[in-house]
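Source file work32.txt; content: compact mmCIF, C-alpha atoms and all ligand atoms.
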# COMPACT_ATOMS: atom_id res chain seq x y z
CA ARG A 1 71.66 -28.05 -44.64
CA ALA A 2 69.87 -28.43 -47.95
CA TYR A 3 71.23 -26.76 -51.08
CA ASN A 4 68.44 -24.19 -51.06
CA PHE A 5 67.75 -22.48 -54.41
CA ASN A 6 64.20 -21.43 -53.53
CA ALA A 7 62.89 -18.24 -55.15
CA GLY A 8 61.19 -17.07 -51.97
CA PRO A 9 60.94 -17.48 -49.11
CA ALA A 10 64.58 -18.18 -49.66
CA ALA A 11 67.76 -19.21 -47.88
CA LEU A 12 68.83 -17.09 -44.91
CA PRO A 13 72.46 -16.92 -43.78
CA LEU A 14 73.19 -19.84 -41.47
CA GLU A 15 75.12 -17.53 -39.10
CA VAL A 16 72.01 -15.36 -38.73
CA LEU A 17 69.75 -18.32 -38.02
CA GLU A 18 72.20 -19.60 -35.41
CA ARG A 19 72.47 -16.21 -33.71
CA ALA A 20 68.70 -15.90 -33.65
CA GLN A 21 68.48 -19.41 -32.23
CA ALA A 22 70.97 -18.55 -29.47
CA GLU A 23 68.84 -15.64 -28.25
CA PHE A 24 65.47 -17.09 -29.21
CA VAL A 25 64.07 -17.67 -25.70
CA ASN A 26 66.05 -15.04 -23.81
CA TYR A 27 66.83 -11.88 -25.75
CA GLY A 28 69.53 -9.73 -24.10
CA ASN A 29 68.93 -11.32 -20.67
CA THR A 30 65.37 -10.08 -20.52
CA GLY A 31 63.95 -13.54 -19.87
CA MET A 32 61.80 -13.17 -22.98
CA SER A 33 61.97 -13.78 -26.68
CA ILE A 34 62.04 -10.60 -28.76
CA MET A 35 58.68 -11.69 -30.18
CA GLU A 36 57.12 -11.78 -26.71
CA MET A 37 57.95 -8.17 -25.95
CA SER A 38 55.82 -5.07 -26.18
CA HIS A 39 56.52 -3.15 -29.35
CA ARG A 40 56.24 -0.01 -27.21
CA GLY A 41 59.09 -1.02 -24.92
CA PRO A 42 62.66 0.28 -25.17
CA VAL A 43 64.25 -3.10 -25.97
CA TYR A 44 62.16 -3.75 -29.07
CA GLU A 45 62.21 -0.11 -30.14
CA ALA A 46 66.01 -0.11 -30.12
CA VAL A 47 66.03 -3.07 -32.53
CA HIS A 48 63.40 -1.41 -34.73
CA ASN A 49 65.34 1.85 -34.96
CA GLU A 50 68.65 0.06 -35.43
CA ALA A 51 67.30 -1.89 -38.42
CA GLN A 52 66.19 1.37 -40.06
CA GLU A 53 69.52 3.10 -39.41
CA ARG A 54 71.57 0.12 -40.51
CA LEU A 55 69.67 -0.15 -43.77
CA LEU A 56 70.23 3.52 -44.60
CA SER A 57 73.85 3.26 -43.54
CA LEU A 58 74.42 0.36 -45.97
CA LEU A 59 73.07 2.70 -48.66
CA GLY A 60 75.47 5.48 -47.71
CA SER A 61 73.05 7.34 -45.38
CA PRO A 62 71.59 9.67 -48.03
CA SER A 63 69.59 12.49 -46.48
CA GLY A 64 65.83 12.89 -46.75
CA TYR A 65 64.89 9.19 -46.77
CA LYS A 66 62.90 7.18 -44.25
CA VAL A 67 62.55 3.43 -43.81
CA LEU A 68 59.04 2.11 -43.26
CA PHE A 69 58.00 -1.42 -42.30
CA ILE A 70 54.63 -2.40 -43.78
CA GLN A 71 52.78 -5.70 -43.71
CA GLY A 72 51.12 -7.26 -46.73
CA GLY A 73 54.26 -7.95 -48.75
CA ALA A 74 55.35 -6.25 -51.93
CA SER A 75 51.93 -7.03 -53.41
CA THR A 76 50.24 -4.54 -51.07
CA GLN A 77 52.75 -1.93 -52.27
CA PHE A 78 51.48 -2.51 -55.83
CA ALA A 79 48.20 -0.99 -54.59
CA MET A 80 49.49 1.53 -52.05
CA ILE A 81 51.75 3.23 -54.60
CA PRO A 82 48.96 4.37 -56.94
CA MET A 83 46.60 4.99 -54.01
CA ASN A 84 49.07 7.40 -52.44
CA PHE A 85 50.91 8.88 -55.41
CA LEU A 86 48.54 8.87 -58.40
CA GLY A 87 46.59 12.12 -58.30
CA GLN A 88 43.63 13.39 -60.34
CA GLY A 89 44.62 14.15 -63.94
CA GLN A 90 47.86 12.23 -63.60
CA THR A 91 49.08 9.03 -65.22
CA ALA A 92 51.05 6.24 -63.56
CA ASN A 93 53.91 5.08 -65.81
CA TYR A 94 55.21 1.51 -65.77
CA VAL A 95 58.14 -0.28 -67.37
CA MET A 96 56.77 -3.62 -68.49
CA SER A 97 59.68 -5.98 -67.95
CA GLY A 98 58.06 -9.19 -66.74
CA SER A 99 55.45 -10.98 -64.67
CA TRP A 100 55.90 -8.81 -61.58
CA ALA A 101 55.72 -5.53 -63.51
CA ASP A 102 52.52 -6.93 -64.99
CA LYS A 103 51.06 -7.53 -61.54
CA ALA A 104 52.08 -4.05 -60.41
CA ILE A 105 50.37 -2.23 -63.30
CA LYS A 106 47.20 -4.32 -62.88
CA GLU A 107 46.76 -2.91 -59.39
CA ALA A 108 47.41 0.64 -60.61
CA LYS A 109 44.71 0.20 -63.27
CA LEU A 110 42.21 -0.36 -60.46
CA ILE A 111 43.08 3.07 -59.09
CA GLY A 112 43.56 5.35 -62.11
CA GLU A 113 45.19 6.05 -65.47
CA THR A 114 48.26 4.05 -66.45
CA HIS A 115 50.76 4.12 -69.29
CA GLU A 116 53.31 1.55 -70.45
CA ALA A 117 56.45 3.66 -70.89
CA ALA A 118 58.50 0.75 -72.24
CA SER A 119 57.80 -2.94 -72.71
CA SER A 120 59.47 -6.17 -73.69
CA LYS A 121 56.23 -8.14 -73.71
CA GLU A 122 56.75 -8.96 -77.40
CA SER A 123 59.76 -11.07 -76.48
CA LYS A 124 57.65 -12.80 -73.79
CA TYR A 125 59.86 -10.86 -71.37
CA MET A 126 62.91 -12.88 -72.34
CA SER A 127 64.75 -9.57 -72.83
CA LEU A 128 64.53 -6.21 -71.08
CA PRO A 129 63.06 -3.12 -72.74
CA ASP A 130 65.63 -0.57 -73.85
CA LEU A 131 65.06 2.29 -71.45
CA LYS A 132 66.67 4.74 -73.89
CA ASP A 133 63.52 4.35 -76.01
CA MET A 134 61.23 4.86 -73.04
CA LYS A 135 58.37 7.32 -73.53
CA LEU A 136 56.81 8.85 -70.46
CA SER A 137 53.24 10.13 -70.65
CA ASP A 138 52.22 13.70 -70.00
CA HIS A 139 51.46 14.45 -66.34
CA ALA A 140 53.35 11.38 -65.17
CA ALA A 141 52.81 10.82 -61.44
CA TYR A 142 55.75 8.43 -61.26
CA LEU A 143 57.62 5.78 -63.19
CA HIS A 144 57.53 2.28 -61.72
CA LEU A 145 60.33 -0.15 -62.48
CA THR A 146 61.01 -3.73 -61.39
CA SER A 147 64.78 -4.03 -60.93
CA ASN A 148 64.83 -7.84 -61.05
CA GLU A 149 62.16 -10.04 -62.60
CA THR A 150 62.18 -13.11 -60.35
CA ILE A 151 60.17 -15.35 -62.67
CA GLU A 152 61.83 -14.66 -66.03
CA GLY A 153 65.32 -14.09 -64.57
CA THR A 154 66.16 -10.62 -65.90
CA GLN A 155 67.80 -7.75 -64.05
CA PHE A 156 68.37 -4.11 -64.96
CA LYS A 157 72.04 -3.18 -64.70
CA GLU A 158 71.35 0.56 -64.82
CA PHE A 159 68.43 2.75 -63.86
CA PRO A 160 66.94 5.54 -65.97
CA ASP A 161 67.20 9.24 -65.25
CA THR A 162 63.57 10.34 -65.05
CA GLY A 163 64.24 14.00 -64.30
CA SER A 164 61.48 15.45 -62.17
CA VAL A 165 59.29 12.34 -62.48
CA PRO A 166 59.66 10.25 -59.29
CA LEU A 167 61.23 6.84 -59.91
CA ILE A 168 59.74 4.04 -57.81
CA CYS A 169 61.36 0.63 -57.86
CA ASP A 170 60.25 -2.85 -56.81
CA MET A 171 63.53 -4.37 -55.63
CA SER A 172 61.92 -7.40 -53.99
CA SER A 173 64.28 -9.91 -55.53
CA ASP A 174 67.57 -8.02 -55.64
CA ILE A 175 67.59 -5.42 -52.88
CA LEU A 176 70.97 -5.20 -51.14
CA SER A 177 72.54 -7.64 -53.59
CA ARG A 178 74.66 -4.85 -55.11
CA PRO A 179 75.35 -1.17 -54.50
CA PHE A 180 72.90 1.36 -55.93
CA ASP A 181 72.44 5.10 -55.63
CA LEU A 182 69.32 5.65 -53.57
CA ASN A 183 69.30 9.32 -54.63
CA GLN A 184 68.05 8.23 -58.07
CA PHE A 185 64.85 6.94 -56.51
CA ALA A 186 61.83 8.51 -54.89
CA MET A 187 61.04 5.15 -53.35
CA VAL A 188 62.29 1.59 -53.37
CA TYR A 189 60.50 -1.33 -51.76
CA ALA A 190 60.88 -5.04 -51.26
CA GLY A 191 59.12 -7.96 -49.67
CA ALA A 192 61.67 -9.19 -47.11
CA GLN A 193 61.63 -12.89 -47.89
CA LYS A 194 64.49 -13.08 -50.39
CA ASN A 195 67.46 -10.92 -49.38
CA LEU A 196 66.28 -9.34 -46.13
CA GLY A 197 64.66 -11.80 -43.75
CA PRO A 198 61.50 -13.82 -43.22
CA SER A 199 58.24 -13.10 -45.03
CA GLY A 200 55.64 -10.91 -43.36
CA VAL A 201 57.12 -7.47 -43.82
CA ALA A 202 57.84 -5.21 -46.74
CA VAL A 203 60.61 -2.66 -46.43
CA VAL A 204 59.88 0.72 -48.00
CA ILE A 205 62.60 3.35 -48.35
CA VAL A 206 60.99 6.58 -49.36
CA ARG A 207 61.97 10.20 -49.86
CA GLU A 208 60.14 12.01 -47.11
CA ASP A 209 58.90 14.79 -49.38
CA MET A 210 56.92 12.22 -51.43
CA ILE A 211 54.54 11.68 -48.55
CA THR A 212 51.58 13.96 -48.18
CA ASP A 213 48.60 13.71 -45.93
CA SER A 214 46.12 11.47 -47.71
CA LYS A 215 43.24 11.34 -45.26
CA HIS A 216 40.83 10.01 -47.88
CA LEU A 217 42.63 6.63 -47.68
CA PRO A 218 42.12 3.97 -45.01
CA THR A 219 44.60 4.58 -42.20
CA MET A 220 46.73 1.47 -42.77
CA LEU A 221 47.04 2.20 -46.50
CA ARG A 222 48.52 5.69 -46.06
CA TYR A 223 52.30 6.06 -46.07
CA GLN A 224 51.73 9.06 -43.81
CA THR A 225 50.53 6.73 -41.03
CA TYR A 226 53.83 4.82 -41.08
CA LEU A 227 55.95 7.95 -41.38
CA ALA A 228 54.20 9.81 -38.57
CA ASN A 229 54.36 6.82 -36.21
CA ASN A 230 57.78 5.37 -37.07
CA SER A 231 55.96 2.26 -38.43
CA LEU A 232 54.55 1.68 -34.93
CA TYR A 233 50.96 2.85 -35.46
CA ASN A 234 49.84 -0.71 -34.87
CA THR A 235 51.72 -3.87 -33.86
CA PRO A 236 54.57 -4.34 -36.33
CA PRO A 237 55.89 -7.74 -37.45
CA SER A 238 58.49 -7.44 -34.72
CA PHE A 239 60.23 -10.78 -35.07
CA GLY A 240 60.68 -10.24 -38.81
CA ILE A 241 62.14 -6.78 -38.22
CA TYR A 242 64.56 -8.20 -35.63
CA MET A 243 65.63 -10.80 -38.22
CA ILE A 244 66.13 -8.09 -40.84
CA ASN A 245 68.44 -6.26 -38.43
CA GLU A 246 70.46 -9.46 -37.98
CA VAL A 247 70.66 -9.99 -41.76
CA LEU A 248 71.83 -6.39 -42.17
CA LYS A 249 74.61 -6.99 -39.60
CA TRP A 250 75.64 -10.04 -41.64
CA ILE A 251 75.79 -7.93 -44.83
CA GLU A 252 78.04 -5.45 -43.00
CA GLU A 253 80.31 -8.30 -41.93
CA LYS A 254 80.52 -9.48 -45.57
CA GLY A 255 81.90 -6.09 -46.65
CA GLY A 256 78.63 -4.26 -47.25
CA LEU A 257 77.01 -4.08 -50.67
CA GLN A 258 80.33 -4.24 -52.54
CA GLY A 259 81.19 -7.39 -50.62
CA VAL A 260 77.92 -9.19 -51.31
CA GLN A 261 77.96 -8.10 -54.96
CA ALA A 262 81.37 -9.74 -55.43
CA MET A 263 80.05 -12.96 -53.84
CA ASN A 264 76.90 -12.86 -55.96
CA ARG A 265 78.80 -12.32 -59.22
CA LYS A 266 81.04 -15.25 -58.44
CA LYS A 267 78.12 -17.59 -57.74
CA ALA A 268 76.04 -16.51 -60.74
CA GLY A 269 79.11 -16.51 -63.00
CA LEU A 270 79.86 -20.09 -62.06
CA ILE A 271 76.35 -21.31 -62.93
CA TYR A 272 76.02 -19.25 -66.13
CA ASP A 273 79.40 -20.59 -67.24
CA ALA A 274 78.17 -24.14 -66.72
CA ILE A 275 75.12 -23.35 -68.88
CA ASP A 276 77.16 -21.65 -71.61
CA HIS A 277 79.78 -24.42 -71.76
CA SER A 278 77.36 -27.33 -71.95
CA ASP A 279 77.34 -27.65 -75.77
CA GLY A 280 73.70 -26.61 -75.81
CA PHE A 281 72.55 -29.22 -73.28
CA TYR A 282 71.49 -26.35 -70.98
CA ARG A 283 70.08 -23.19 -72.55
CA GLY A 284 69.77 -19.87 -70.72
CA CYS A 285 66.24 -18.47 -71.10
CA VAL A 286 66.96 -14.77 -71.40
CA ASN A 287 69.24 -12.49 -73.45
CA ALA A 288 72.78 -12.63 -72.09
CA GLU A 289 72.89 -8.89 -71.34
CA ALA A 290 69.62 -9.06 -69.38
CA ARG A 291 70.64 -11.97 -67.17
CA SER A 292 69.93 -11.74 -63.47
CA ASP A 293 72.56 -12.51 -60.85
CA MET A 294 69.75 -13.55 -58.52
CA ASN A 295 67.47 -15.82 -60.55
CA ILE A 296 69.13 -17.99 -63.16
CA THR A 297 66.58 -19.45 -65.57
CA PHE A 298 67.46 -22.22 -67.99
CA ARG A 299 65.96 -25.02 -70.03
CA LEU A 300 66.74 -28.48 -71.25
CA ALA A 301 65.84 -30.05 -74.60
CA ASN A 302 62.32 -30.99 -73.50
CA GLU A 303 59.96 -30.92 -70.53
CA GLU A 304 60.47 -34.61 -69.87
CA LEU A 305 64.16 -34.07 -69.28
CA GLU A 306 63.43 -31.02 -67.12
CA LYS A 307 61.14 -33.11 -64.92
CA GLN A 308 63.89 -35.69 -64.62
CA PHE A 309 66.37 -32.95 -63.65
CA VAL A 310 64.08 -31.72 -60.88
CA LYS A 311 63.52 -35.26 -59.61
CA GLU A 312 67.18 -36.21 -59.55
CA SER A 313 68.23 -32.86 -58.08
CA GLU A 314 65.78 -33.31 -55.20
CA GLN A 315 67.17 -36.79 -54.55
CA ALA A 316 70.65 -35.25 -54.43
CA GLY A 317 69.64 -32.67 -51.76
CA PHE A 318 68.81 -29.65 -53.96
CA VAL A 319 65.67 -27.63 -53.29
CA GLY A 320 63.72 -25.19 -55.45
CA LEU A 321 65.16 -25.73 -58.94
CA LYS A 322 61.81 -26.04 -60.70
CA GLY A 323 60.94 -22.95 -62.76
CA HIS A 324 57.91 -20.85 -61.86
CA ARG A 325 54.69 -22.59 -62.86
CA SER A 326 53.80 -19.79 -65.29
CA VAL A 327 56.93 -20.17 -67.46
CA GLY A 328 58.20 -23.70 -66.77
CA GLY A 329 61.83 -24.69 -67.20
CA LEU A 330 64.36 -24.53 -64.41
CA ARG A 331 65.46 -21.75 -62.08
CA ALA A 332 68.24 -21.45 -59.55
CA SER A 333 67.74 -18.53 -57.19
CA VAL A 334 71.08 -17.48 -55.77
CA TYR A 335 70.29 -14.67 -53.35
CA ASN A 336 72.85 -13.21 -50.94
CA ALA A 337 72.60 -16.05 -48.43
CA VAL A 338 73.19 -18.94 -50.84
CA PRO A 339 76.74 -20.10 -50.11
CA TYR A 340 79.30 -20.41 -52.90
CA GLU A 341 79.56 -24.09 -52.02
CA SER A 342 75.91 -24.58 -52.99
CA ALA A 343 76.60 -23.06 -56.42
CA GLN A 344 79.63 -25.34 -56.80
CA ALA A 345 77.56 -28.37 -55.83
CA LEU A 346 74.88 -27.39 -58.34
CA VAL A 347 77.42 -27.06 -61.15
CA GLU A 348 78.84 -30.48 -60.33
CA PHE A 349 75.34 -31.93 -60.32
CA MET A 350 74.56 -30.27 -63.69
CA GLN A 351 77.70 -31.73 -65.24
CA GLN A 352 76.93 -35.18 -63.89
CA PHE A 353 73.32 -34.97 -65.08
CA LYS A 354 74.52 -33.95 -68.54
CA SER A 355 76.92 -36.86 -68.85
CA ASN A 356 74.18 -39.29 -67.66
CA HIS A 357 71.57 -37.98 -70.09
CA SER A 358 73.35 -36.94 -73.29
N1 LIG A 401 57.84 -8.29 -56.75
C1 LIG A 401 58.77 -9.19 -57.05
C2 LIG A 401 59.88 -8.82 -57.99
C3 LIG A 401 58.70 -10.48 -56.50
O1 LIG A 401 59.63 -11.40 -56.80
C4 LIG A 401 57.64 -10.79 -55.61
C5 LIG A 401 57.53 -12.14 -54.99
O2 LIG A 401 58.15 -13.09 -55.36
C6 LIG A 401 56.69 -9.81 -55.34
C7 LIG A 401 56.82 -8.57 -55.91
C8 LIG A 401 55.53 -10.09 -54.44
O3 LIG A 401 55.98 -10.12 -53.13
P1 LIG A 401 55.06 -10.54 -51.90
O4 LIG A 401 54.88 -12.00 -51.97
O5 LIG A 401 55.87 -10.05 -50.73
O6 LIG A 401 53.76 -9.79 -52.02
For the structure just supplied, provide its representation as structure tokens.
Ligand code: PLP
Amino acid sequence: RAYNFNAGPAALPLEVLERAQAEFVNYGNTGMSIMEMSHRGPVYEAVHNEAQERLLSLLGSPSGYKVLFIQGGASTQFAMIPMNFLGQGQTANYVMSGSWADKAIKEAKLIGETHEAASSKESKYMSLPDLKDMKLSDHAAYLHLTSNETIEGTQFKEFPDTGSVPLICDMSSDILSRPFDLNQFAMVYAGAQKNLGPSGVAVVIVREDMITDSKHLPTMLRYQTYLANNSLYNTPPSFGIYMINEVLKWIEEKGGLQGVQAMNRKKAGLIYDAIDHSDGFYRGCVNAEARSDMNITFRLANEELEKQFVKESEQAGFVGLKGHRSVGGLRASVYNAVPYESAQALVEFMQQFKSNHS
């Protein structure tokens, strides 16, 4: 297997891929693949419901929340959130922490009034805004936060207390990588393709009382449609949901969210250590306290050397180490499924590259 450091779609656990392969053409002795089955039949429905229950159980089964499966990725959520939750005379509040927060607010601006409650744009998003200085607008419909900025490589370690203002969080690039208290949030959502499964489905975990009947919206853009029909109003991305259930089983086997957090800290710690002990050959892009355990961004002395790093890393079997095209540099994405051995191999490669090029 390649040393896969892709930012997304990203590595999936090998054990999950192998299990899926074993039952690929004949799921549970039905003589069919799960993806060939009716989504209205009991076999698929059991998987669908199990994935929802397992997800909530990993989060401590807090009451009042529902799991929805929605197509269109996290990007469609950028639009659905203001469409469903931003009422007349209200303002949608956003924490401007990076490129993805920027995309989220742009969609909200198409729908109604927005307000930047906190921002680190001045630092080109190389730090996180201090949420203690955050200023919510009057009549705030919600506060939207991006827990992990995939492109810049920053991650909030704590979440703000917003009182009666609903807190909505894009957790696309760090969901289920660490424990968190779902009760702090009115809604969290994530495109599946980093920590949850294959692309093609976004997972939305929402407090049921957030959802009101919004008949003015197109049917597929109303949360109410998914809630009322258990995300089976139309044909769901059934194979992706089956894969999510298998990934959730794998997380349980790894000791739940505490277990994967310990693994993730170890992997990220190893790579950040290599950066910090390279006598300045490698330079971390973001403030140390804002560093993400999922996306590790770093630079070399010049772009020429960075290109050489990417080239040599690819020759050595590494995938996905080029930084996002909008910011350049290098990025190692170490989501849940990236094995510790891949992080070790990367560190060895980095040390070798340094001694060859300094
Ligand atoms: N939000 C974050 C933090 C992301 O990293 C991404 C994708 O990389 C998205 C949103 C967009 O997700 P999707 O491609 O599922 O629309």
Which residues form the shell of 9 Å around ligand LIG 401 (chain A) when you count only C-alpha atoms and all ligand atoms, given as a PyMOL selection string? chain A and resi 7-9+71-78+98-101+103-104+146-151+170-174+189-194+199-202
Computed interatomic separation between CA of Gly256 (chain A) and CA of Leu196 (chain A) (Å): 13.4 Å
Could the residues of region 3-117 of chain A that have an atom at most 8 Å from region 220-244 of chain A be listed as a tab-separated table, each with its closest atom pair and the distance in Å to one decimal, counting all atoms listed in the file and ordered by chain and ascending residue number?
residue	atom	partner	partner_atom	distance
A:Val16	CA	A:Met243	CA	7.9
A:Ala20	CA	A:Met243	CA	7.5
A:Ile34	CA	A:Phe239	CA	6.6
A:Met35	CA	A:Phe239	CA	5.2
A:His39	CA	A:Thr235	CA	6.6
A:Tyr44	CA	A:Ser238	CA	7.7
A:Val47	CA	A:Tyr242	CA	6.2
A:His48	CA	A:Ile241	CA	6.5
A:Ala51	CA	A:Ile244	CA	6.8
A:Lys66	CA	A:Leu227	CA	7.6
A:Leu68	CA	A:Ser231	CA	5.7
A:Phe69	CA	A:Ser231	CA	5.7
A:Ile70	CA	A:Ser231	CA	7.2
A:Gln71	CA	A:Pro237	CA	7.3
A:Met80	CA	A:Leu221	CA	6.1
A:Asn84	CA	A:Arg222	CA	6.6
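Remark: for Leu143 (chain A), the closest of the candidate residues A:Gln155, A:Ser123, A:Asn49, A:Thr91 is A:Thr91 (distances computed over only C-alpha atoms).
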Distance of CA of Lys254 (chain A) from CA of Phe24 (chain A), expressed in Å to one decimal place: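 Atom-to-atom, CA of Phe24 (chain A) to CA of Lys254 (chain A), that is 23.5 Å.
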Taking all atoms listed in the file into account, which of A:Ser61, A:Asp213, A:Ala290, A:Lys267 comes nearest Glu158 (chain A)?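 With all atoms listed in the file as the atom set, the closest residue is A:Ala290.
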As an exercise, work out the distance from CA of Lys215 (chain A) to CA of Arg40 (chain A) in Å and give it to one decimal place.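 If I compute the distance from CA of Lys215 (chain A) to CA of Arg40 (chain A), I get 25.0 Å.
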Which of these, A:Leu58, A:Val327, A:Ile275, A:Ile81, has the shortest distance to Leu176 (chain A) once you count all atoms listed in the file? A:Leu58
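Proximity of A:Met96, A:Lys249, A:Phe298, A:Gly320 to Glu122 (chain A), computed with only C-alpha atoms, is greatest for A:Met96.
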Which residues are close to Lys124 (chain A), i.e. within 12 Å by all atoms listed in the file, leaving aside same-chain residues fewer than 2 positions away? Reply as a VMD selection string. chain A and resid 96 to 99 102 119 to 122 126 to 129 151 to 152 154 285 to 287 326 to 327
Let me have the centre and edge lengths of the axis-aligned box enclosing all listed atoms of region 235-253 of chain A with 5 Å padding on every side, in Å to one decimal, as lines of an AutoDock Vina configuration file.
center_x = 66.0
center_y = -7.3
center_z = -39.3
size_x = 38.6
size_y = 16.9
size_z = 21.0
Spatial neighbours of Phe180 (chain A), max dist 10 Å, all atoms listed in the file, sep filter under 3 positions, as a list in words: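 Within the cut-off, the hits are Leu59, Gly60, Lys157, Glu158, Phe159, Ile175, Leu176, Ser177, Asn183, Gln184, Phe185, Leu257 and Gln258 of chain A.
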List as a ChimeraX atom specification the protein and nucleic acid residues near Asn4 (chain A), meaning an atom at most 7 Å away when all atoms listed in the file are counted, but skip any in the same chain fewer than 2 places from it. /A:2,6,11,318-320
Please write as a ChimeraX atom specification the list of polymer residues whose atoms come within 8 Å of (71.5, -21.6, -55.8), counting all atoms listed in the file and keeping to the coordinates of the file. /A:3-6,267,332-335,338-339,342-343,346
Name the residues in contact with Glu252 (chain A) at a cut-off of 10 Å, using only C-alpha atoms, excluding same-chain residues fewer than 5 positions from it; report them as a compact mmCIF listing (two decimals) with C-alpha atoms, in the frame of the given file.
# COMPACT_ATOMS: atom_id res chain seq x y z
CA ARG A 54 71.57 0.12 -40.51
CA LEU A 55 69.67 -0.15 -43.77
CA SER A 57 73.85 3.26 -43.54
CA LEU A 58 74.42 0.36 -45.97
CA GLU A 246 70.46 -9.46 -37.98
CA VAL A 247 70.66 -9.99 -41.76
CA LEU A 257 77.01 -4.08 -50.67
CA GLN A 258 80.33 -4.24 -52.54
CA GLY A 259 81.19 -7.39 -50.62
CA VAL A 260 77.92 -9.19 -51.31
Which neighbours of Asn93 (chain A) fall inside 12 Å, counting only C-alpha atoms, when residues of the same chain fewer than 2 positions from it are skipped, and could you give them as a PDB file with C-alpha atoms, in the frame of the given file?
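selection.pdb, freshly written:
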ATOM      1  CA  ILE A  81      51.750   3.230 -54.600  1.00  0.00           C
ATOM      2  CA  PRO A  82      48.960   4.370 -56.940  1.00  0.00           C
ATOM      3  CA  PHE A  85      50.910   8.880 -55.410  1.00  0.00           C
ATOM      4  CA  LEU A  86      48.540   8.870 -58.400  1.00  0.00           C
ATOM      5  CA  GLN A  90      47.860  12.230 -63.600  1.00  0.00           C
ATOM      6  CA  THR A  91      49.080   9.030 -65.220  1.00  0.00           C
ATOM      7  CA  VAL A  95      58.140  -0.280 -67.370  1.00  0.00           C
ATOM      8  CA  MET A  96      56.770  -3.620 -68.490  1.00  0.00           C
ATOM      9  CA  ALA A 101      55.720  -5.530 -63.510  1.00  0.00           C
ATOM     10  CA  ALA A 104      52.080  -4.050 -60.410  1.00  0.00           C
ATOM     11  CA  ILE A 105      50.370  -2.230 -63.300  1.00  0.00           C
ATOM     12  CA  LYS A 106      47.200  -4.320 -62.880  1.00  0.00           C
ATOM     13  CA  ALA A 108      47.410   0.640 -60.610  1.00  0.00           C
ATOM     14  CA  LYS A 109      44.710   0.200 -63.270  1.00  0.00           C
ATOM     15  CA  GLY A 112      43.560   5.350 -62.110  1.00  0.00           C
ATOM     16  CA  GLU A 113      45.190   6.050 -65.470  1.00  0.00           C
ATOM     17  CA  THR A 114      48.260   4.050 -66.450  1.00  0.00           C
ATOM     18  CA  HIS A 115      50.760   4.120 -69.290  1.00  0.00           C
ATOM     19  CA  GLU A 116      53.310   1.550 -70.450  1.00  0.00           C
ATOM     20  CA  ALA A 117      56.450   3.660 -70.890  1.00  0.00           C
ATOM     21  CA  ALA A 118      58.500   0.750 -72.240  1.00  0.00           C
ATOM     22  CA  SER A 119      57.800  -2.940 -72.710  1.00  0.00           C
ATOM     23  CA  MET A 134      61.230   4.860 -73.040  1.00  0.00           C
ATOM     24  CA  LYS A 135      58.370   7.320 -73.530  1.00  0.00           C
ATOM     25  CA  LEU A 136      56.810   8.850 -70.460  1.00  0.00           C
ATOM     26  CA  SER A 137      53.240  10.130 -70.650  1.00  0.00           C
ATOM     27  CA  ASP A 138      52.220  13.700 -70.000  1.00  0.00           C
ATOM     28  CA  HIS A 139      51.460  14.450 -66.340  1.00  0.00           C
ATOM     29  CA  ALA A 140      53.350  11.380 -65.170  1.00  0.00           C
ATOM     30  CA  ALA A 141      52.810  10.820 -61.440  1.00  0.00           C
ATOM     31  CA  TYR A 142      55.750   8.430 -61.260  1.00  0.00           C
ATOM     32  CA  LEU A 143      57.620   5.780 -63.190  1.00  0.00           C
ATOM     33  CA  HIS A 144      57.530   2.280 -61.720  1.00  0.00           C
ATOM     34  CA  LEU A 145      60.330  -0.150 -62.480  1.00  0.00           C
ATOM     35  CA  THR A 162      63.570  10.340 -65.050  1.00  0.00           C
ATOM     36  CA  VAL A 165      59.290  12.340 -62.480  1.00  0.00           C
ATOM     37  CA  PRO A 166      59.660  10.250 -59.290  1.00  0.00           C
ATOM     38  CA  LEU A 167      61.230   6.840 -59.910  1.00  0.00           C
ATOM     39  CA  ILE A 168      59.740   4.040 -57.810  1.00  0.00           C
ATOM     40  CA  CYS A 169      61.360   0.630 -57.860  1.00  0.00           C
TER      41      CYS A 169
END
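Distances from A:Val204, A:Leu217, A:Leu131, A:Ile296 to Tyr65 (chain A) were compared using all atoms listed in the file, and the smallest one belongs to A:Val204.
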With N, CA and C atoms as the target, complete region 57-62 of chain A and hand it back as a short mmCIF file (atom, residue, chain, number, x, y, z; two decimals), in the coordinates of the input.
data_model
loop_
_atom_site.label_atom_id
_atom_site.label_comp_id
_atom_site.auth_asym_id
_atom_site.auth_seq_id
_atom_site.Cartn_x
_atom_site.Cartn_y
_atom_site.Cartn_z
N SER A 57 72.39 3.17 -43.59
CA SER A 57 73.85 3.26 -43.54
C SER A 57 74.48 2.38 -44.63
N LEU A 58 73.92 1.21 -44.88
CA LEU A 58 74.42 0.36 -45.97
C LEU A 58 74.26 1.05 -47.32
N LEU A 59 73.31 1.97 -47.40
CA LEU A 59 73.07 2.70 -48.66
C LEU A 59 73.75 4.06 -48.65
N GLY A 60 74.68 4.25 -47.73
CA GLY A 60 75.47 5.48 -47.71
C GLY A 60 74.81 6.63 -46.98
N SER A 61 73.78 6.34 -46.18
CA SER A 61 73.05 7.34 -45.38
C SER A 61 72.68 8.60 -46.16
N PRO A 62 72.02 8.47 -47.30
CA PRO A 62 71.59 9.67 -48.03
C PRO A 62 70.54 10.42 -47.21
#
